[in-house]
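This report concerns only the one structure given below.
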Amino acid sequence: MLPVIPDIKWKLAAQIGVKYAITKAAPELSGSLPPWDFDALRDIRNRFTAAGFILEALEGDEFDMNRIKMGLPGRDEDIEKYQLMLRNMGRLEIPLLCYNFMAGIGWYRTSFEIPERGGALTSGFDLDMVEQKPLLITKDQLWDNYTYFINAVIPVAEEAGVKMGLHPDDPPVSPLLGYSRILTSADAFRRAMKLSSSPAHGITFCQATFKTMGEDVFSLIKEFKNRIVFLHFRDITGNKECFRETFHDNGPTDMAEFLKVCDNCGINALIRPDHTPTMAGEDNANPGYEMQGNLFAVGYMKGLMDALEIQY
């Protein structure tokens, strides 16, 4: 995942052979209007094109989604902006949107300085360290809000030729800091996918988050293969109540088997490494997304794919 503003990460990505770019185009990062504004999104796309990348996906909340997720007054106005964003993506041939429905708070960790191999720093979560707060929204309310959202945006996404990949809640615990979470199990994804059979309604298969749930990731790949539109490549050790990120080659998951199963299932989806450790010389200002761990991860993925004769 590359920042929306060009920096050294763009140069390093090009040098290691990355062709497809994923970015978050939110205004606090881009310095311009959200991607529901056509000119703003076109300028971002053109910036990547000029650098030799194909902008293949947007990821995350591209503007404030609080009213949509919480079902607050004004959500219809925000959904209209979301629909505009999808239409703009279609016009600009950006075919993938990775989104989540984590209300109030996104992916969350209790620590970002856990020692990993060789003194690298990684992130982790410990439920015992989380302050319990009064419940602000129930699971039933969240499911109602998610259903309302999907019914409004999936037809537009399908018409625009954009696939929406639903990311699981990370960590998959509920409640968290007063907010219920609903996408915390394979059963929850089964329920979500039943809301629409549209090819635009898909899954971001974050292997480590499904593992954190206690699910059998290899069985789930086979089950969800026709709905997987995006792959996040990372690993963790522990369980949903207490875990930490690992390097991609020293976690408990057979990552070569993960790629092999995906390939055998005929999954032809964008893939990127996620939540990599911070390595020597880096300041850990952006934990999980510093560059050296990502360079290692991309090389590791490409090496596994070459050994398995997987085309990329």
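Residue numbering restarts at 1 for every chain of the structure tokens, chains are lettered A, B, ... in their displayed order, and ligands are numbered from 1 as they appear.
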Discussion item. Applying 8 Å and only C-alpha atoms, which residues near segment 3-17 of chain A remain after dropping the ones on its own chain fewer than 4 positions away? List them as a PyMOL selection string.
Written reply: chain A and resi 23-25+29-30+44+52+291+295+299
Each residue of segment 191-290 of chain A with at least one atom at most 10 Å from segment 149-163 of chain A should appear once, together with its nearest atom pair and the corresponding distance in Å (one decimal); atoms considered: only C-alpha atoms; ordering: chain, then increasing residue number; output as CSV.
```
residue,atom,partner,partner_atom,distance
A:Ala192,CA,A:Ile150,CA,9.2
A:Leu195,CA,A:Ile150,CA,7.5
A:Ser196,CA,A:Ile154,CA,7.9
A:Ser197,CA,A:Ile154,CA,9.7
A:Ser198,CA,A:Glu158,CA,7.0
A:Pro199,CA,A:Glu158,CA,7.0
A:Ala200,CA,A:Lys163,CA,4.2
A:His201,CA,A:Lys163,CA,6.4
A:Gly202,CA,A:Lys163,CA,6.7
A:Ile203,CA,A:Lys163,CA,9.2
A:Arg227,CA,A:Lys163,CA,10.0
A:Ile228,CA,A:Lys163,CA,10.0
A:Val229,CA,A:Lys163,CA,7.1
A:Phe230,CA,A:Lys163,CA,9.4
```
Only N, CA and C atoms, please: the residues just picked out, written as a short mmCIF file (atom, residue, chain, number, x, y, z; two decimals), in the first residue's frame.
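Printed below is part-v8.cif as written:
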```cif
data_model
loop_
_atom_site.label_atom_id
_atom_site.label_comp_id
_atom_site.auth_asym_id
_atom_site.auth_seq_id
_atom_site.Cartn_x
_atom_site.Cartn_y
_atom_site.Cartn_z
N ALA A 192 -23.07 -11.83 5.85
CA ALA A 192 -22.87 -10.62 5.06
C ALA A 192 -22.98 -10.91 3.56
N LEU A 195 -26.35 -11.03 1.76
CA LEU A 195 -27.10 -9.80 1.53
C LEU A 195 -27.17 -9.44 0.05
N SER A 196 -26.21 -9.92 -0.73
CA SER A 196 -26.21 -9.64 -2.17
C SER A 196 -25.36 -10.68 -2.88
N SER A 197 -25.87 -11.16 -4.00
CA SER A 197 -25.10 -12.12 -4.82
C SER A 197 -24.35 -11.40 -5.94
N SER A 198 -24.34 -10.10 -5.92
CA SER A 198 -23.67 -9.31 -6.96
C SER A 198 -22.18 -9.62 -7.00
N PRO A 199 -21.58 -9.67 -8.19
CA PRO A 199 -20.13 -9.85 -8.28
C PRO A 199 -19.36 -8.68 -7.66
N ALA A 200 -20.04 -7.57 -7.41
CA ALA A 200 -19.38 -6.43 -6.78
C ALA A 200 -19.25 -6.60 -5.27
N HIS A 201 -19.95 -7.58 -4.72
CA HIS A 201 -20.00 -7.77 -3.27
C HIS A 201 -19.05 -8.90 -2.89
N GLY A 202 -17.82 -8.53 -2.51
CA GLY A 202 -16.80 -9.54 -2.27
C GLY A 202 -16.12 -9.41 -0.92
N ILE A 203 -15.06 -10.18 -0.77
CA ILE A 203 -14.33 -10.30 0.50
C ILE A 203 -12.87 -9.90 0.32
N ARG A 227 -15.81 -15.41 -3.86
CA ARG A 227 -16.11 -14.07 -3.35
C ARG A 227 -14.86 -13.28 -3.00
N ILE A 228 -13.69 -13.92 -3.02
CA ILE A 228 -12.46 -13.23 -2.63
C ILE A 228 -11.98 -12.35 -3.77
N VAL A 229 -11.87 -11.04 -3.49
CA VAL A 229 -11.45 -10.08 -4.51
C VAL A 229 -10.14 -9.39 -4.15
N PHE A 230 -9.62 -9.65 -2.95
CA PHE A 230 -8.41 -8.99 -2.47
C PHE A 230 -7.82 -9.86 -1.37
#
```
Worksheet item: Per DSSP on the backbone, what are the strand (DSSP E or B) residues of segment 95-250 of chain A, as number ranges by chain?
Response: A: 96-99, 111-115, 121-126, 137, 163-166, 176, 179, 201-206, 228-233, 236-239, 242-245
Discussion item. To test your reading of the structure, identify every residue in segment 234-296 of chain A that backbone DSSP assigns to alpha helix (DSSP H), and report it as a PyMOL selection string.
Written reply: chain A and resi 255-264+291-296
Residue selection dump (N, CA and C atoms) as a PDB file, in the first residue's frame:
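Heads up, here's the output in part01.pdb:
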```pdb
ATOM      1  N   MET A 255       2.787 -20.084   4.937  1.00  0.00           N
ATOM      2  CA  MET A 255       2.423 -19.063   3.970  1.00  0.00           C
ATOM      3  C   MET A 255       2.571 -19.543   2.527  1.00  0.00           C
ATOM      4  N   ALA A 256       3.487 -20.480   2.306  1.00  0.00           N
ATOM      5  CA  ALA A 256       3.586 -21.069   0.967  1.00  0.00           C
ATOM      6  C   ALA A 256       2.314 -21.851   0.650  1.00  0.00           C
ATOM      7  N   GLU A 257       1.811 -22.586   1.624  1.00  0.00           N
ATOM      8  CA  GLU A 257       0.573 -23.337   1.426  1.00  0.00           C
ATOM      9  C   GLU A 257      -0.604 -22.389   1.216  1.00  0.00           C
ATOM     10  N   PHE A 258      -0.584 -21.273   1.918  1.00  0.00           N
ATOM     11  CA  PHE A 258      -1.636 -20.271   1.735  1.00  0.00           C
ATOM     12  C   PHE A 258      -1.696 -19.828   0.274  1.00  0.00           C
ATOM     13  N   LEU A 259      -0.554 -19.485  -0.291  1.00  0.00           N
ATOM     14  CA  LEU A 259      -0.528 -19.048  -1.691  1.00  0.00           C
ATOM     15  C   LEU A 259      -0.895 -20.197  -2.635  1.00  0.00           C
ATOM     16  N   LYS A 260      -0.445 -21.381  -2.308  1.00  0.00           N
ATOM     17  CA  LYS A 260      -0.745 -22.549  -3.144  1.00  0.00           C
ATOM     18  C   LYS A 260      -2.237 -22.827  -3.176  1.00  0.00           C
ATOM     19  N   VAL A 261      -2.884 -22.778  -2.010  1.00  0.00           N
ATOM     20  CA  VAL A 261      -4.322 -23.030  -1.946  1.00  0.00           C
ATOM     21  C   VAL A 261      -5.081 -21.964  -2.732  1.00  0.00           C
ATOM     22  N   CYS A 262      -4.676 -20.705  -2.586  1.00  0.00           N
ATOM     23  CA  CYS A 262      -5.319 -19.629  -3.350  1.00  0.00           C
ATOM     24  C   CYS A 262      -5.201 -19.883  -4.842  1.00  0.00           C
ATOM     25  N   ASP A 263      -4.016 -20.274  -5.281  1.00  0.00           N
ATOM     26  CA  ASP A 263      -3.797 -20.530  -6.700  1.00  0.00           C
ATOM     27  C   ASP A 263      -4.611 -21.739  -7.169  1.00  0.00           C
ATOM     28  N   ASN A 264      -4.616 -22.802  -6.380  1.00  0.00           N
ATOM     29  CA  ASN A 264      -5.379 -24.002  -6.754  1.00  0.00           C
ATOM     30  C   ASN A 264      -6.879 -23.726  -6.825  1.00  0.00           C
ATOM     31  N   MET A 291       8.777   0.844   5.626  1.00  0.00           N
ATOM     32  CA  MET A 291       9.043   0.292   4.300  1.00  0.00           C
ATOM     33  C   MET A 291       9.905  -0.963   4.285  1.00  0.00           C
ATOM     34  N   GLN A 292      10.886  -1.069   5.180  1.00  0.00           N
ATOM     35  CA  GLN A 292      11.816  -2.192   5.062  1.00  0.00           C
ATOM     36  C   GLN A 292      11.122  -3.544   5.269  1.00  0.00           C
ATOM     37  N   GLY A 293      10.188  -3.614   6.216  1.00  0.00           N
ATOM     38  CA  GLY A 293       9.437  -4.844   6.404  1.00  0.00           C
ATOM     39  C   GLY A 293       8.601  -5.188   5.194  1.00  0.00           C
ATOM     40  N   ASN A 294       8.080  -4.164   4.528  1.00  0.00           N
ATOM     41  CA  ASN A 294       7.304  -4.399   3.311  1.00  0.00           C
ATOM     42  C   ASN A 294       8.192  -4.882   2.168  1.00  0.00           C
ATOM     43  N   LEU A 295       9.408  -4.342   2.075  1.00  0.00           N
ATOM     44  CA  LEU A 295      10.338  -4.811   1.046  1.00  0.00           C
ATOM     45  C   LEU A 295      10.644  -6.294   1.251  1.00  0.00           C
ATOM     46  N   PHE A 296      10.902  -6.654   2.502  1.00  0.00           N
ATOM     47  CA  PHE A 296      11.150  -8.063   2.808  1.00  0.00           C
ATOM     48  C   PHE A 296       9.941  -8.916   2.433  1.00  0.00           C
TER      49      PHE A 296
END
```
Worksheet item: Got a sec: who's within 8 Å of segment 232-234 of chain A, counting only C-alpha atoms, leaving out chain neighbours fewer than 2 positions off, as an MDAnalysis selection string?
Response: chainID A and resid 204:208 230 236 245:248 271:276
Discussion item. Between atom CA of Leu121 of chain A and atom CA of Met279 of chain A, what is the distance in Å, rounded to a tenth?
Written reply: 6.7 Å
Worksheet entry | Nearby residues (only C-alpha atoms) at most 9 Å from segment 171-188 of chain A, same-chain spacing under 3 positions excluded, as a ChimeraX atom specification | /A:100-105,107-109,125,127,130-140,142-143,167-168,191-193,209-210,212-215,220,240-241
Store the residues of this selection in a file with C-alpha atoms, as a short mmCIF file (atom, residue, chain, number, x, y, z; two decimals), in the first residue's frame.
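To be explicit, this is the file written out as out-v2.cif:
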```cif
data_model
loop_
_atom_site.label_atom_id
_atom_site.label_comp_id
_atom_site.auth_asym_id
_atom_site.auth_seq_id
_atom_site.Cartn_x
_atom_site.Cartn_y
_atom_site.Cartn_z
CA ASN A 100 -14.61 -2.19 6.43
CA PHE A 101 -17.58 -1.67 8.70
CA MET A 102 -15.77 -1.07 11.98
CA ALA A 103 -17.79 1.64 13.72
CA GLY A 104 -16.12 4.28 15.83
CA ILE A 105 -12.63 2.79 15.70
CA TRP A 107 -7.97 -1.63 13.34
CA TYR A 108 -6.69 -1.38 16.89
CA ARG A 109 -3.61 -2.44 18.83
CA PHE A 125 -3.24 -6.67 21.07
CA LEU A 127 -7.76 -7.46 25.60
CA VAL A 130 -8.42 -2.41 26.95
CA GLU A 131 -10.59 -0.13 29.05
CA GLN A 132 -14.21 -1.21 29.09
CA LYS A 133 -16.61 1.57 28.14
CA PRO A 134 -20.42 1.92 27.98
CA LEU A 135 -21.91 0.38 24.85
CA LEU A 136 -22.60 2.98 22.16
CA ILE A 137 -24.12 0.73 19.50
CA THR A 138 -25.47 -2.81 19.50
CA LYS A 139 -24.71 -5.62 17.08
CA ASP A 140 -28.30 -5.58 15.81
CA LEU A 142 -24.74 -2.42 13.23
CA TRP A 143 -26.21 -5.23 11.13
CA HIS A 167 -12.35 -6.52 5.43
CA PRO A 168 -12.96 -8.32 8.75
CA ARG A 191 -24.36 -13.71 6.70
CA ALA A 192 -22.87 -10.62 5.06
CA MET A 193 -22.39 -12.32 1.70
CA THR A 209 -7.48 -11.75 10.93
CA PHE A 210 -9.39 -14.92 10.05
CA THR A 212 -7.10 -14.61 14.88
CA MET A 213 -10.79 -15.57 14.90
CA GLY A 214 -9.72 -19.19 15.36
CA GLU A 215 -10.92 -20.15 11.88
CA LEU A 220 -12.27 -20.76 4.29
CA LYS A 240 -8.12 -12.87 19.33
CA GLU A 241 -7.75 -11.87 22.98
#
```
Fill in: Coordinates-based distance that separates atom CA of Arg75 of chain A from atom CA of Glu59 of chain A (Å, one decimal)
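Computing it gives 20.2 Å between the two atoms.
Take atom CA of Leu97 of chain A and atom CA of Ile310 of chain A: the distance between them is 24.2 Å.
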Item to complete: Point out the residue among A:Leu2, A:Ala307, A:Ala297, A:Met85 with the least atom-to-atom distance to Asp37 of chain A, counting only C-alpha atoms.
Response: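 Closest to Asp37 of chain A, using only C-alpha atoms: A:Met85.
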